[in-house]
Amino acid sequence: MPPITLAKALNEGLRKALEKDDKVLIMGEDVGKLGGVFRVTDGLQKDFGESRVIDTPLAESGIIGTAIGLALRGFRPVCEIQFDGFVYPAFDQIVSQLAKYRNRAAGKIAMPVTIRIPFGGGIGAVEHHSESPEAYFCHTAGLKVVACSNPVDAYFMIQQAIASADPIVFFEPKRRYWDKADLDVTASPAPLESARVLRTGTDATLVTYGPTVRVCMEAAIAAEDEGRSIEVIDLRSLSPLDLPPIVASAEKTGRVVVVHEAPSECSLSSEIAARISEAAFFSLQAPVLRVTGFDTPYPPSRVEEDYLPDLDRVLEAVDRSLAY
Amino acid sequence: MPPITLAKALNEGLRKALEKDDKVLIMGEDVGKLGGVFRVTDGLQKDFGESRVIDTPLAESGIIGTAIGLALRGFRPVCEIQFDGFVYPAFDQIVSQLAKYRNRAAGKIAMPVTIRIPFGGGIGAVEHHSESPEAYFCHTAGLKVVACSNPVDAYFMIQQAIASADPIVFFEPKRRYWDKADLDVTASPAPLESARVLRTGTDATLVTYGPTVRVCMEAAIAAEDEGRSIEVIDLRSLSPLDLPPIVASAEKTGRVVVVHEAPSECSLSSEIAARISEAAFFSLQAPVLRVTGFDTPYPPSRVEEDYLPDLDRVLEAVDRSLAY
Amino acid sequence: MDDGAELVQLLTPEGERVHHPVYSVDLTDAEYRGLYRDLVLVRRIDAEATALQRQGELGIWASLLGQEAAQVGAGRAMLPEDFAFPTYREHGVAWCRDVDPLHLLALFRGVNLGGWDPNEHNFNLYTIVIGSQTLHATGYAMGMQYDGAESATLAFFGDGASSQGDVNEAFVWAASFNAPIVFYCQNNQWAISEPLELQSRQPLYKRALGFGFPGVRVDGNDVLASLAVTKAALEHARAGGGPTLIEAFTYRMGAHTTSDDPTRYRLSSELEAWKLKDPIERVRSFLFKNQLADASFFEELDAESEALATTLRDGVRAMADPDPLSIFDTVYAELTPLLTEQRDTFERYLAGFAEENA
Amino acid sequence: MDDGAELVQLLTPEGERVHHPVYSVDLTDAEYRGLYRDLVLVRRIDAEATALQRQGELGIWASLLGQEAAQVGAGRAMLPEDFAFPTYREHGVAWCRDVDPLHLLALFRGVNLGGWDPNEHNFNLYTIVIGSQTLHATGYAMGMQYDGAESATLAFFGDGASSQGDVNEAFVWAASFNAPIVFYCQNNQWAISEPLELQSRQPLYKRALGFGFPGVRVDGNDVLASLAVTKAALEHARAGGGPTLIEAFTYRMGAHTTSDDPTRYRLSSELEAWKLKDPIERVRSFLFKNQLADASFFEELDAESEALATTLRDGVRAMADPDPLSIFDTVYAELTPLLTEQRDTFERYLAGFAEENA
Ligand SMILES: Cc1ncc(C[n+]2csc(CCOP(=O)(O)OP(=O)(O)O)c2C)c(N)n1
Ligand SMILES: Cc1ncc(C[n+]2csc(CCOP(=O)(O)OP(=O)(O)O)c2C)c(N)n1
Ligand SMILES: [Mg+2]
Ligand SMILES: [Mg+2]
């Protein structure tokens, strides 16, 4: 098989899920004939029919609300939210219903619903198309939140998410949809809720997920040229966090920089900084530093490169960390 | 004036705001004849009329959405959300519209909208009536978030919030509505966005806000009996954070415990721990510890006392901090 | 707005059977008595719950007083395979779906968040966020369709709820997918302190016209009419005819909940007027007039009612508080590392106390 | 679903004026020519924007091709004190409200998020989240009411948007408060790839019946009818008559946006059929037939159109990117401590680069 894009890997993963379990449904705006605005569901309606791949009316609360009802009936809906900024109309159904259903039912009801959300910036889009809302969901008990960063993970993680008994918000790094990699579909994937050390190093640790994984890898390579050995961890699971490898890395390097596109206040980097600062208190040589989007609305696209954490801002933070 | 309850202080503050500026409107479910389920708007419709104190149809998105339109027309709406758990249907209007309007308009439009939300647990209520959703709003750029903890602050802060040019989510500690204090309406209030050191101490610092301020004060008093000198800081402003007094305190005591009812992941305590750990890196004798609601949905009320941070859990954390 | 002409009625407040050109019921004597029994027992459960709340045994209670006929009519119209999606006030429907009333009381006591198994009764958990359940019901109905099942869902909501976006989205979805669902709006005239006029300037059943499916207004204090109209709508849905909106015109005779004080916002004369339309009295008088029940029936029912109340009282008082550690147990299919840590820490913390107190 | 009988039309696709029992316009020759000019220039702006996007000057563009009459009719029906709430496609309404088209292009170029002052034009910023603006428009209309102003708002939205909760809540509010608002739904038959049938099983103007206010369907490719119907509805609103829903029946002749590929989901024959109903051609032919404009008018308009296009091209190409530091400046009335810190740090960081590169 030639290298495959992240979007296509998701498509293949969804296809597998539809084949394996006829209770799996795909639903959302424009997921049918169009195959989604990013073509992630391309061809699936044609092959599985209109009652497996469902174009819904234009209302996100309706999508999640009916998915909950379908889950109650025994289906496993996979809902697409067209862009990150359009998940908020569904926030109530996600936070007060989807996340709480199992617990309300004292475990008698499962909610195996997957919500796919293309997220992050860097594609030159207009307002609401470049956001990183993951922290809202990580703060919500009852949800699990994951983010893939590459085609191989995309392929396996989407299937693992769909197979999960818990509701999962599945973030897809939209500016990486066209990134390619070789995919061995026979490989056995790591557990969905595990972080991955992508690159080992001894001087400092970069912790990140989704679209900035590539940024951090590039930064680590650039740092190597300057003689610095940087460890890079791809979180993959944002909630629950897989803390042991991060703590181990922090204990090893003593210096941690967390990188994401979302704004900083009450974010994943706040959480990771808080946890690491506690768990590795005696090992840290420097405070956990954070390279994030600014605490502003996402800016007009002609300045988005200034907003997004890039290689230079990451390296600058590594330098600052090393200077402690 | 005899001591006044927190609910009544808010009522007086709202009355003042309505008197001072005829662009101020109060709107929400049951805020009119009933005076709100907590009677915070009691008597206001009678005195200011149905076009100043407006009972709205039952839909939170509608309340905030129309408030935005009214603000655009030059009004200063004060919206009541009946209970914390019912703010989510309005999340989209708050996050994508209210928070972003000024920036979208490059500063040409102001959004002086106040959203009042009774929050927190401890009143023996059913599901959705005891939540602490403040972190969602703190993570949202463009919003300001404040929480009052006592009648005096309630009276002044609600007026300051209404007078603000920015949209403010105003959290009211519902289980403290009946707490009483003397109110001197002629006093001059501290700036809305300032934290307050409620009690000075030298051994450790408790940072908190809203309903757990009283818990922390009681803990500090109890600790004193054991010879421990605890500083207590009431944040008042949750976003923006007033960091200098917190950092100063952390540098002084070297030990900080953050307390709130909300779950921990990506919460205010994550944020404060992250900031303090960076700003006071060389002063901290112990990691910033956190006493929070568990990362579960709010439990049935017969076990809510187990869920809520109480005096004992706070003291236990102080002990742990001091043991470092 | 009380537009009598539009109202489907089969039994007048005086207990007279009246003819309706479209809707009818044809019940056996035993069935008539059964409905009466339902109404009486449901009211008894409600009264007992209100009393228990006053005694401090429940945190709060949302009374269905006045809405018994609307609920029993709808509940008894369902087939076992149909599925009901209640709000927080459908104690009468719960009764018809064989949900032990103690489950309801447990929820309002604060012992759990919904104690029964929805799939055992085809009766969903109570939903407190206004309107949310209408979308769940629609999705479930779509699932029935995909399954090829000949059954339908029944989504309950209130007059106030009709203003929520979710409810209107449910109408959109149901129409678009021609889903087998009956929307059952109990217009009890009030949403806490807000009168119906604030939510809608026309009768609520007409909302359906905006979405392209039929709407009917039924006398919600008439159990026969409520039964007949719901039955017809469910049959229509099961047969592939799509959604119907039923507005059951009724009255919340009590406070919104035990925390509410309706004297602040409505006149007692309104209540007095509605008392004349009491949903139970008219059936009693119908049974009497037509000699469908004898004195022993009423006596036995009284006894049954008392016994039920005793069971509830005893049951509630005997309810154990939940284990604090159960807070963690059903958030996810399995405990996450964070919850394991929090649970373990909390367990040690509780054990520490136990030791201290030992 | 194209139910001709219900459609208000004053000008046929062939350019014939037709009589309508309720709606009419009575314009001077100059006014007819003015409408034609609007239509032509608006289409020219749109074509130029599409071209500029292809050349990489804009990030994306949402074309109004085919909807010129619906927009110009509505826009010209407004009085200066009325207030319009657009989606992201109302370039024709923007034109009527004297918003410099370069502002629109700046937004789609990614230079800003909405460059004009809404209060200067009584034309709100573009709203991209589907349906949100209908609630803003309703609130604004309530404000007009409280101010005692005799004006109204005009809320634009699409056929797809009719499914959103917010839009239906706006209907609830507008009806409840009898707000001076006109809901203007351009049913262009498509919501990206989704046909109208997915959103509604009946004509959209009937949605209003569910909420108790009038709904009208107008030929949205007929500028005269669009003008007449909107004018009447705005007058009705200003006079205290409350809301109206107008469904402007039209067609999105282009792609959803320049990112879209409609060949994936619709037949070209559909487009061909609609081309025969082109909104501009019929006015041109009306002007010709009735000798309302001479050759020089058309020539001058061509020249004006070309000049406008040149201005746009030059204007867009000359647009400076925003100052990166402006990211921080208008989030709040004043910079917060956190933003001050982030801004200062970023400024130093940029300065460091500038030095490095110096
Ligand atoms: C989204 C939401 N907002 C507010 C509330 C608070 N609340 C509980 S019941 C109620 C009124 C409901 O009225 P209606 O729909 O007529 O039902 P009824 O209580 O009369 O049966 C309100 C506002 C809620 N539960 N959910
Ligand atoms: C809440 C929300 N969900 C999804 C989108 C993505 N989106 C942009 S336009 C569109 C279709 C809108 O269709 P319609 O309302 O008919 O307006 P039209 O584009 O045809 O003018 C969609 C789904 C969005 N902008 N907002
Ligand atoms: Mg009601
Ligand atoms: Mg459309």
# chains A, B, ... in the order shown; residues from 1 in each chain; ligands from 1

call {"tool": "interface_residues", "arguments": {"of": "chain D", "to": "chain B", "cutoff": "8 Å", "atoms": "only C-alpha atoms", "output": "PyMOL selection string"}}
result
chain D and resi 112-117+125+129+132-133+135-144+146+166+169-170+172-173+176+330-333+336-338

call {"tool": "write_last_selection", "arguments": {"atoms": "C-alpha atoms", "output": "compact mmCIF listing (two decimals), in the first residue's frame"}}
result
# COMPACT_ATOMS: atom_id res chain seq x y z
CA ASN D 112 -9.79 40.99 9.80
CA LEU D 113 -12.88 39.36 11.28
CA GLY D 114 -15.34 42.08 10.27
CA GLY D 115 -13.99 45.42 9.32
CA TRP D 116 -16.95 47.77 9.23
CA ASP D 117 -18.77 49.51 12.02
CA LEU D 125 -21.01 42.03 11.06
CA VAL D 129 -22.15 30.27 13.05
CA SER D 132 -26.89 32.83 15.77
CA GLN D 133 -27.68 36.20 14.27
CA LEU D 135 -31.42 35.89 18.03
CA HIS D 136 -29.28 39.01 17.91
CA ALA D 137 -31.71 40.52 15.47
CA THR D 138 -34.61 39.64 17.72
CA GLY D 139 -32.92 41.21 20.74
CA TYR D 140 -32.11 44.28 18.73
CA ALA D 141 -35.73 44.51 17.63
CA MET D 142 -36.83 44.26 21.26
CA GLY D 143 -34.48 47.14 21.96
CA MET D 144 -36.10 49.20 19.22
CA TYR D 146 -38.17 49.54 24.29
CA ASP D 166 -31.42 29.26 17.72
CA GLU D 169 -35.92 30.24 19.54
CA ALA D 170 -35.77 33.52 17.66
CA VAL D 172 -40.45 32.02 19.86
CA TRP D 173 -39.03 35.28 21.19
CA SER D 176 -43.74 36.35 22.43
CA THR D 330 -9.48 44.42 21.10
CA VAL D 331 -10.24 41.29 23.09
CA TYR D 332 -11.28 43.44 26.06
CA ALA D 333 -11.88 47.12 26.55
CA THR D 336 -5.73 42.30 30.97
CA PRO D 337 -2.53 41.56 32.90
CA LEU D 338 -2.22 38.20 31.14

call {"tool": "closest_atom_pairs", "arguments": {"of": "chain D", "to": "ligand 4", "cutoff": "6 Å", "atoms": "only C-alpha atoms and all ligand atoms", "output": "CSV"}}
result
residue,atom,partner,partner_atom_place_in_ligand_line,distance
D:Gly158,CA,ligand 4,1 (Mg),4.6
D:Asp159,CA,ligand 4,1 (Mg),4.6
D:Gly160,CA,ligand 4,1 (Mg),5.4
D:Asn187,CA,ligand 4,1 (Mg),5.5
D:Asn188,CA,ligand 4,1 (Mg),4.6
D:Gln189,CA,ligand 4,1 (Mg),5.5
D:Trp190,CA,ligand 4,1 (Mg),4.2
D:Ala191,CA,ligand 4,1 (Mg),4.2

call {"tool": "write_last_selection", "arguments": {"atoms": "C-alpha atoms", "output": "PDB file, in the first residue's frame"}}
result
ATOM      1  CA  GLY D 158     -30.554  30.127   4.921  1.00  0.00           C
ATOM      2  CA  ASP D 159     -32.736  27.104   4.352  1.00  0.00           C
ATOM      3  CA  GLY D 160     -30.253  24.960   6.251  1.00  0.00           C
ATOM      4  CA  ASN D 187     -34.028  29.269   0.434  1.00  0.00           C
ATOM      5  CA  ASN D 188     -31.341  28.665  -2.151  1.00  0.00           C
ATOM      6  CA  GLN D 189     -32.274  24.959  -2.128  1.00  0.00           C
ATOM      7  CA  TRP D 190     -28.980  23.796  -0.674  1.00  0.00           C
ATOM      8  CA  ALA D 191     -27.072  23.802   2.587  1.00  0.00           C
TER       9      ALA D 191
END

call {"tool": "residues_near_ligand", "arguments": {"ligand": "ligand 3", "cutoff": "12 Å", "atoms": "only C-alpha atoms and all ligand atoms", "output": "number ranges by chain"}}
result
B: 57-58; C: 62-64, 66-67, 87-89, 130-131, 156-163, 185-199, 204, 247-257

call {"tool": "write_last_selection", "arguments": {"atoms": "N, CA and C atoms", "output": "CSV table (one decimal), in the first residue's frame"}}
result
chain,number,residue,atom,x,y,z
B,57,PRO,N,-39.0,33.7,27.6
B,57,PRO,CA,-39.4,32.3,27.3
B,57,PRO,C,-38.3,31.4,27.8
B,58,LEU,N,-38.6,30.1,27.9
B,58,LEU,CA,-37.7,29.1,28.6
B,58,LEU,C,-36.7,28.6,27.6
C,62,ALA,N,-41.6,17.0,42.7
C,62,ALA,CA,-42.3,17.7,41.6
C,62,ALA,C,-43.7,17.0,41.4
C,63,SER,N,-44.7,17.7,41.9
C,63,SER,CA,-46.0,17.0,42.0
C,63,SER,C,-46.7,17.0,40.6
C,64,LEU,N,-47.4,15.9,40.4
C,64,LEU,CA,-48.2,15.8,39.1
C,64,LEU,C,-49.7,16.1,39.4
C,66,GLY,N,-53.2,17.0,39.3
C,66,GLY,CA,-54.0,17.7,38.2
C,66,GLY,C,-53.6,17.0,36.8
C,67,GLN,N,-52.5,16.4,36.7
C,67,GLN,CA,-52.1,15.9,35.4
C,67,GLN,C,-52.2,14.4,35.3
C,87,THR,N,-40.0,13.7,31.4
C,87,THR,CA,-39.3,14.8,32.1
C,87,THR,C,-39.0,14.3,33.5
C,88,TYR,N,-39.3,15.2,34.5
C,88,TYR,CA,-39.1,14.9,35.9
C,88,TYR,C,-40.5,14.8,36.6
C,89,ARG,N,-41.6,14.9,35.8
C,89,ARG,CA,-42.9,14.9,36.5
C,89,ARG,C,-43.8,13.8,36.1
C,130,ILE,N,-34.4,20.9,30.6
C,130,ILE,CA,-35.6,21.1,29.8
C,130,ILE,C,-35.4,20.8,28.3
C,131,GLY,N,-36.2,19.9,27.8
C,131,GLY,CA,-36.2,19.6,26.4
C,131,GLY,C,-35.3,18.6,25.8
C,156,PHE,N,-42.2,13.1,26.3
C,156,PHE,CA,-42.9,14.0,27.1
C,156,PHE,C,-42.2,15.4,27.3
C,157,PHE,N,-42.9,16.4,27.3
C,157,PHE,CA,-42.3,17.7,27.7
C,157,PHE,C,-43.4,18.7,28.1
C,158,GLY,N,-43.0,19.8,28.6
C,158,GLY,CA,-44.0,20.8,29.1
C,158,GLY,C,-44.2,22.0,28.1
C,159,ASP,N,-45.2,22.8,28.5
C,159,ASP,CA,-45.4,24.0,27.7
C,159,ASP,C,-44.2,24.9,27.7
C,160,GLY,N,-43.5,25.0,28.8
C,160,GLY,CA,-42.3,25.9,28.8
C,160,GLY,C,-41.3,25.3,27.9
C,161,ALA,N,-41.1,24.0,27.9
C,161,ALA,CA,-40.1,23.4,27.1
C,161,ALA,C,-40.3,23.6,25.6
C,162,SER,N,-41.5,24.0,25.2
C,162,SER,CA,-41.7,24.2,23.8
C,162,SER,C,-40.9,25.3,23.2
C,163,SER,N,-40.3,26.1,24.1
C,163,SER,CA,-39.5,27.3,23.6
C,163,SER,C,-38.0,26.9,23.4
C,185,CYS,N,-47.0,16.9,24.7
C,185,CYS,CA,-46.8,18.1,25.5
C,185,CYS,C,-47.9,18.3,26.5
C,186,GLN,N,-47.5,18.2,27.8
C,186,GLN,CA,-48.5,18.5,28.8
C,186,GLN,C,-48.5,20.0,29.1
C,187,ASN,N,-49.4,20.7,28.5
C,187,ASN,CA,-49.6,22.1,28.7
C,187,ASN,C,-50.3,22.3,30.0
C,188,ASN,N,-49.6,22.4,31.1
C,188,ASN,CA,-50.2,22.6,32.4
C,188,ASN,C,-50.3,24.1,32.7
C,189,GLN,N,-50.2,24.9,31.7
C,189,GLN,CA,-50.4,26.4,31.8
C,189,GLN,C,-49.3,27.1,32.4
C,190,TRP,N,-48.4,26.5,33.1
C,190,TRP,CA,-47.3,27.2,33.8
C,190,TRP,C,-45.9,26.5,33.6
C,191,ALA,N,-44.9,27.4,33.5
C,191,ALA,CA,-43.5,26.9,33.5
C,191,ALA,C,-43.0,27.7,34.8
C,192,ILE,N,-42.9,27.0,35.9
C,192,ILE,CA,-42.7,27.7,37.2
C,192,ILE,C,-43.7,28.8,37.2
C,193,SER,N,-43.2,30.1,37.2
C,193,SER,CA,-44.0,31.2,37.3
C,193,SER,C,-44.5,31.8,36.0
C,194,GLU,N,-44.1,31.2,34.9
C,194,GLU,CA,-44.4,31.9,33.6
C,194,GLU,C,-45.6,31.2,33.0
C,195,PRO,N,-46.6,32.1,32.6
C,195,PRO,CA,-47.8,31.5,32.0
C,195,PRO,C,-47.5,31.2,30.5
C,196,LEU,N,-48.3,30.3,30.0
C,196,LEU,CA,-48.2,29.8,28.7
C,196,LEU,C,-48.0,31.0,27.7
C,197,GLU,N,-48.7,32.0,27.9
C,197,GLU,CA,-48.8,33.2,26.9
C,197,GLU,C,-47.4,33.7,26.7
C,198,LEU,N,-46.5,33.6,27.6
C,198,LEU,CA,-45.1,34.0,27.5
C,198,LEU,C,-44.4,33.2,26.5
C,199,GLN,N,-44.7,31.9,26.4
C,199,GLN,CA,-44.0,31.0,25.5
C,199,GLN,C,-44.6,31.0,24.1
C,204,LEU,N,-50.5,25.5,21.6
C,204,LEU,CA,-49.2,24.8,21.3
C,204,LEU,C,-49.3,23.7,20.3
C,247,GLU,N,-51.0,18.0,22.3
C,247,GLU,CA,-51.0,19.0,23.4
C,247,GLU,C,-52.1,18.6,24.4
C,248,ALA,N,-51.7,18.1,25.5
C,248,ALA,CA,-52.6,17.7,26.5
C,248,ALA,C,-52.9,18.9,27.4
C,249,PHE,N,-54.1,19.4,27.3
C,249,PHE,CA,-54.5,20.7,27.9
C,249,PHE,C,-54.9,20.4,29.3
C,250,THR,N,-54.1,20.8,30.3
C,250,THR,CA,-54.3,20.4,31.7
C,250,THR,C,-53.9,21.5,32.6
C,251,TYR,N,-53.7,21.2,33.8
C,251,TYR,CA,-53.3,22.2,34.8
C,251,TYR,C,-52.5,21.7,35.9
C,252,ARG,N,-51.5,22.4,36.2
C,252,ARG,CA,-50.6,22.1,37.4
C,252,ARG,C,-51.3,22.6,38.6
C,253,MET,N,-52.0,21.7,39.4
C,253,MET,CA,-52.8,22.1,40.5
C,253,MET,C,-52.0,22.5,41.7
C,254,GLY,N,-50.8,22.0,41.8
C,254,GLY,CA,-49.9,22.3,42.9
C,254,GLY,C,-48.9,23.3,42.5
C,255,ALA,N,-47.9,23.4,43.4
C,255,ALA,CA,-46.7,24.2,43.2
C,255,ALA,C,-45.8,23.6,42.1
C,256,HIS,N,-44.9,24.3,41.5
C,256,HIS,CA,-44.0,23.7,40.5
C,256,HIS,C,-43.3,22.6,41.1
C,257,THR,N,-42.7,22.8,42.3
C,257,THR,CA,-42.1,21.7,43.1
C,257,THR,C,-42.4,22.1,44.5

call {"tool": "interface_residues", "arguments": {"of": "chain A", "to": "chain B", "cutoff": "9 Å", "atoms": "only C-alpha atoms", "output": "PyMOL selection string"}}
result
chain A and resi 61+85-93+95-96+99-100+103-104+127-128+135-136+138-142+239+263-275+277-279+281+286-289+294-297

call {"tool": "closest_residue", "arguments": {"among": "A:Asn150, A:Gln82, A:Thr205, A:Ser249", "to": "ligand 2", "atoms": "only C-alpha atoms and all ligand atoms"}}
result
A:Gln82

call {"tool": "atom_distance", "arguments": {"atom1": "atom CA of Asp219 of chain D", "atom2": "atom CA of Ala84 of chain D"}}
result
20.3 Å

call {"tool": "residues_around", "arguments": {"residues": "Leu6 of chain B", "least_positions_apart": "2", "cutoff": "10 Å", "atoms": "only C-alpha atoms", "output": "PyMOL selection string"}}
result
chain B and resi 3-4+8-12+40+148-155+172-181

call {"tool": "write_last_selection", "arguments": {"atoms": "N, CA, C and O atoms", "output": "short mmCIF file (atom, residue, chain, number, x, y, z; two decimals), in the first residue's frame"}}
result
data_model
loop_
_atom_site.label_atom_id
_atom_site.label_comp_id
_atom_site.auth_asym_id
_atom_site.auth_seq_id
_atom_site.Cartn_x
_atom_site.Cartn_y
_atom_site.Cartn_z
N PRO B 3 -27.81 43.36 59.47
CA PRO B 3 -27.04 42.50 58.57
C PRO B 3 -27.92 42.04 57.41
O PRO B 3 -29.14 41.87 57.57
N ILE B 4 -27.30 41.84 56.28
CA ILE B 4 -28.04 41.57 55.05
C ILE B 4 -27.53 40.25 54.46
O ILE B 4 -26.35 39.94 54.56
N LYS B 8 -29.95 39.13 49.29
CA LYS B 8 -30.54 40.47 49.41
C LYS B 8 -29.54 41.54 48.97
O LYS B 8 -29.92 42.54 48.36
N ALA B 9 -28.27 41.30 49.25
CA ALA B 9 -27.25 42.26 48.83
C ALA B 9 -27.19 42.34 47.31
O ALA B 9 -27.06 43.42 46.73
N LEU B 10 -27.33 41.20 46.67
CA LEU B 10 -27.38 41.20 45.20
C LEU B 10 -28.60 41.97 44.73
O LEU B 10 -28.54 42.76 43.78
N ASN B 11 -29.71 41.71 45.38
CA ASN B 11 -30.95 42.39 45.04
C ASN B 11 -30.78 43.91 45.15
O ASN B 11 -31.16 44.67 44.25
N GLU B 12 -30.13 44.35 46.21
CA GLU B 12 -29.91 45.79 46.40
C GLU B 12 -28.94 46.32 45.34
O GLU B 12 -29.11 47.42 44.83
N VAL B 40 -33.51 36.67 44.16
CA VAL B 40 -32.48 37.69 43.99
C VAL B 40 -33.03 38.92 43.27
O VAL B 40 -32.58 40.03 43.48
N CYS B 148 -18.42 36.06 43.70
CA CYS B 148 -18.46 36.71 45.01
C CYS B 148 -18.56 35.64 46.09
O CYS B 148 -18.98 34.51 45.82
N SER B 149 -18.18 36.00 47.29
CA SER B 149 -18.19 35.01 48.37
C SER B 149 -18.93 35.50 49.61
O SER B 149 -19.13 34.73 50.53
N ASN B 150 -19.33 36.76 49.61
CA ASN B 150 -19.96 37.32 50.82
C ASN B 150 -20.88 38.47 50.42
O ASN B 150 -20.77 39.02 49.33
N PRO B 151 -21.77 38.86 51.31
CA PRO B 151 -22.76 39.89 50.96
C PRO B 151 -22.16 41.22 50.53
O PRO B 151 -22.66 41.84 49.58
N VAL B 152 -21.10 41.64 51.17
CA VAL B 152 -20.54 42.95 50.83
C VAL B 152 -19.98 42.94 49.42
O VAL B 152 -20.28 43.83 48.60
N ASP B 153 -19.18 41.93 49.12
CA ASP B 153 -18.67 41.81 47.75
C ASP B 153 -19.81 41.67 46.76
O ASP B 153 -19.78 42.24 45.67
N ALA B 154 -20.80 40.89 47.12
CA ALA B 154 -21.93 40.67 46.22
C ALA B 154 -22.54 42.00 45.81
O ALA B 154 -22.78 42.26 44.62
N TYR B 155 -22.76 42.85 46.78
CA TYR B 155 -23.40 44.14 46.52
C TYR B 155 -22.57 45.00 45.58
O TYR B 155 -23.08 45.56 44.62
N GLU B 172 -22.47 33.24 41.60
CA GLU B 172 -23.01 33.48 42.94
C GLU B 172 -23.03 32.16 43.71
O GLU B 172 -23.62 31.19 43.24
N PRO B 173 -22.42 32.13 44.87
CA PRO B 173 -22.31 30.87 45.63
C PRO B 173 -23.65 30.54 46.29
O PRO B 173 -23.96 31.03 47.36
N LYS B 174 -24.41 29.67 45.62
CA LYS B 174 -25.82 29.56 46.03
C LYS B 174 -26.01 29.08 47.46
O LYS B 174 -26.94 29.49 48.11
N ARG B 175 -25.08 28.25 47.95
CA ARG B 175 -25.32 27.81 49.34
C ARG B 175 -24.95 28.89 50.35
O ARG B 175 -25.13 28.70 51.55
N ARG B 176 -24.42 30.02 49.85
CA ARG B 176 -24.13 31.15 50.75
C ARG B 176 -25.15 32.27 50.61
O ARG B 176 -24.95 33.35 51.17
N TYR B 177 -26.20 32.06 49.82
CA TYR B 177 -27.20 33.11 49.61
C TYR B 177 -27.76 33.63 50.93
O TYR B 177 -28.19 34.76 51.04
N TRP B 178 -27.78 32.75 51.94
CA TRP B 178 -28.41 33.16 53.20
C TRP B 178 -27.38 33.56 54.25
O TRP B 178 -27.74 33.87 55.37
N ASP B 179 -26.10 33.59 53.87
CA ASP B 179 -25.07 34.13 54.78
C ASP B 179 -25.32 35.62 54.96
O ASP B 179 -25.69 36.32 54.02
N LYS B 180 -25.09 36.10 56.15
CA LYS B 180 -25.35 37.51 56.44
C LYS B 180 -24.08 38.28 56.77
O LYS B 180 -23.11 37.72 57.29
N ALA B 181 -24.12 39.56 56.50
CA ALA B 181 -23.02 40.45 56.90
C ALA B 181 -23.54 41.87 56.97
O ALA B 181 -24.59 42.19 56.41
#

call {"tool": "closest_residue", "arguments": {"among": "A:Val31, A:Gly121, A:Glu19, A:Pro77", "to": "ligand 2", "atoms": "only C-alpha atoms and all ligand atoms"}}
result
A:Val31

call {"tool": "atom_distance", "arguments": {"atom1": "atom CA of Pro2 of chain B", "atom2": "atom CA of Ile162 of chain B"}}
result
25.6 Å
